[in-house]
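K.L.:
The following block contains the structure, expressed as structure tokens.
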Amino acid sequence: MACKVQKRVVVALRRRLHILRFRTNSNNNNVQHSTFSSYIIAQINSIANSTFLQIQKLKLALETVKREYKNLIATRRCYISLLNNVNKDNKDVKIDKIRAGTFMVKVTCEKGGDKLVSILEAFEDICVNVQQARVSCKNEFSIEAIIVAEDQTLDVTYITQVLLKAIGNQSSEKGSEVLDNFNKL
């Protein structure tokens with residue numbers, strides 16, 4: 001009677017050991033011991049050691065992944081800041097002639113700096129009066145203005161060049177600051 005019970009216990013233990021060995025990917029199957037209890041203890045120790053080794057390998061792999069992730073995030077931030085600086089160079093000046101000496105001016109560019117002041121100074125330099133204006137700084141700086149020239153001989157290309165120059169002075173100052181900050185990294 002005791003022999004049958006002992007066989008059932010041995011079969012159950014072997015089944016559990018087989019499952020543990022399978023789950024931990026243990027290769028220590030050829031251990032031979034003289035007594036049954038020392039054999040079971042050796043198997044359990046072998047499985048525990050291989051499980052511990054697997055856990056340590058996974059920890060090292062996780063640390064490597066975390067380090068690579070941090071490097072990728074830093075590279076991404078740097079790349080995005082460079083792209084933002086490249087994309088911010090989009091200056092758009094549209095001028096439509098309404099009638100002789102009267103123009104509709106639409107300017108859009110990146111925010112920052114004294115854009116409004118430089119544009120108004122440019123208007124003053126070319127001797128035009130602002131009849132009506134609308135300014136927005138929500139996502140980017142934009143101004144729509146109706147200007148009246150004191151001199152009726154002003155043309156669209158001249159006004160466009162003056163406004164691009166006024167905006168360009170502000171953008172080039174900001175661009176050089178960004179490049180200096182990037183070089184410090």
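We label chains A, B, ... in the order they appear in the structure tokens, count residues from 1 in each chain, and number ligands from 1 in the order shown.
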Find the spatial neighbours of A:Lys165, counting only C-alpha atoms, within a cut-off of 12 Å - ignore same-chain residues fewer than 2 positions away - and output them as a PyMOL selection string.

P.N.:
chain A and resi 91-93+115+118-119+121-123+158-163+167-172

K.L.:
Quick one: write out the picked residues with C-alpha atoms as a short mmCIF file (atom, residue, chain, number, x, y, z; two decimals), in the first residue's frame?

P.N.:
```cif
data_model
loop_
_atom_site.label_atom_id
_atom_site.label_comp_id
_atom_site.auth_asym_id
_atom_site.auth_seq_id
_atom_site.Cartn_x
_atom_site.Cartn_y
_atom_site.Cartn_z
CA LYS A 91 7.78 83.57 -44.21
CA ASP A 92 4.79 84.39 -46.35
CA VAL A 93 4.07 87.86 -47.66
CA LYS A 115 7.64 91.34 -35.66
CA SER A 118 9.59 95.83 -37.45
CA ILE A 119 6.67 95.62 -39.91
CA GLU A 121 8.71 100.53 -39.02
CA ALA A 122 8.97 99.15 -42.56
CA PHE A 123 5.61 100.74 -43.39
CA TYR A 158 9.06 96.68 -53.67
CA ILE A 159 6.67 96.41 -50.70
CA THR A 160 7.19 92.63 -50.62
CA GLN A 161 10.98 93.02 -50.54
CA VAL A 162 10.82 95.59 -47.74
CA LEU A 163 8.53 93.39 -45.61
CA ILE A 167 10.80 89.90 -41.07
CA GLY A 168 14.14 88.37 -42.09
CA ASN A 169 16.12 90.55 -39.67
CA GLN A 170 14.03 89.23 -36.77
CA SER A 171 14.21 85.59 -37.95
CA SER A 172 17.96 85.55 -38.52
#
```

K.L.:
Report the residues of stretch 8-143 of chain A whose backbone DSSP state falls under strand (DSSP E), written as a list in words.

P.N.:
Asp92, Val93, Lys94, Ile95, Asp96, Lys97, Ile98, Arg99, Thr102, Phe103, Met104, Val105, Lys106, Val107, Thr108, Cys109, Val128, Asn129, Val130, Gln131, Gln132, Ala133, Arg134, Val135, Ser136, Phe141, Ser142 and Ile143 of chain A

K.L.:
Identify which of the residues A:Arg16, A:Ile147, A:Ala74, A:Tyr79 lies closest to A:Ile40, counting only C-alpha atoms when measuring atom-to-atom distances.

P.N.:
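Looking only at the distances to A:Ile40, the closest residue turns out to be A:Arg16.
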
K.L.:
Could you name the residues that touch stretch 133-146 of chain A at 7 Å or less, counting only C-alpha atoms, but leaving out those on the same chain fewer than 2 positions away, as a ChimeraX atom specification?

P.N.:
/A:103-111,130-131,148

K.L.:
Among stretch 102-183 of chain A, which ones does DSSP assign to alpha helix (DSSP H) (computed from the backbone)? Answer as a ChimeraX atom specification.

P.N.:
/A:115-125,156-183

K.L.:
Quick check, in Å to one decimal: how far apart do atom CA of A:Ile95 and atom CA of A:Asp114 lie?

P.N.:
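These atoms are spaced 21.0 Å apart.
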
K.L.:
In Å, how far is it from atom CA of A:Asn45 to atom CA of A:His18?

P.N.:
13.7 Å

K.L.:
When you draw a straight line from atom CA of A:Ile126 to atom CA of A:Asp155, how long is it in Å?

P.N.:
11.1 Å
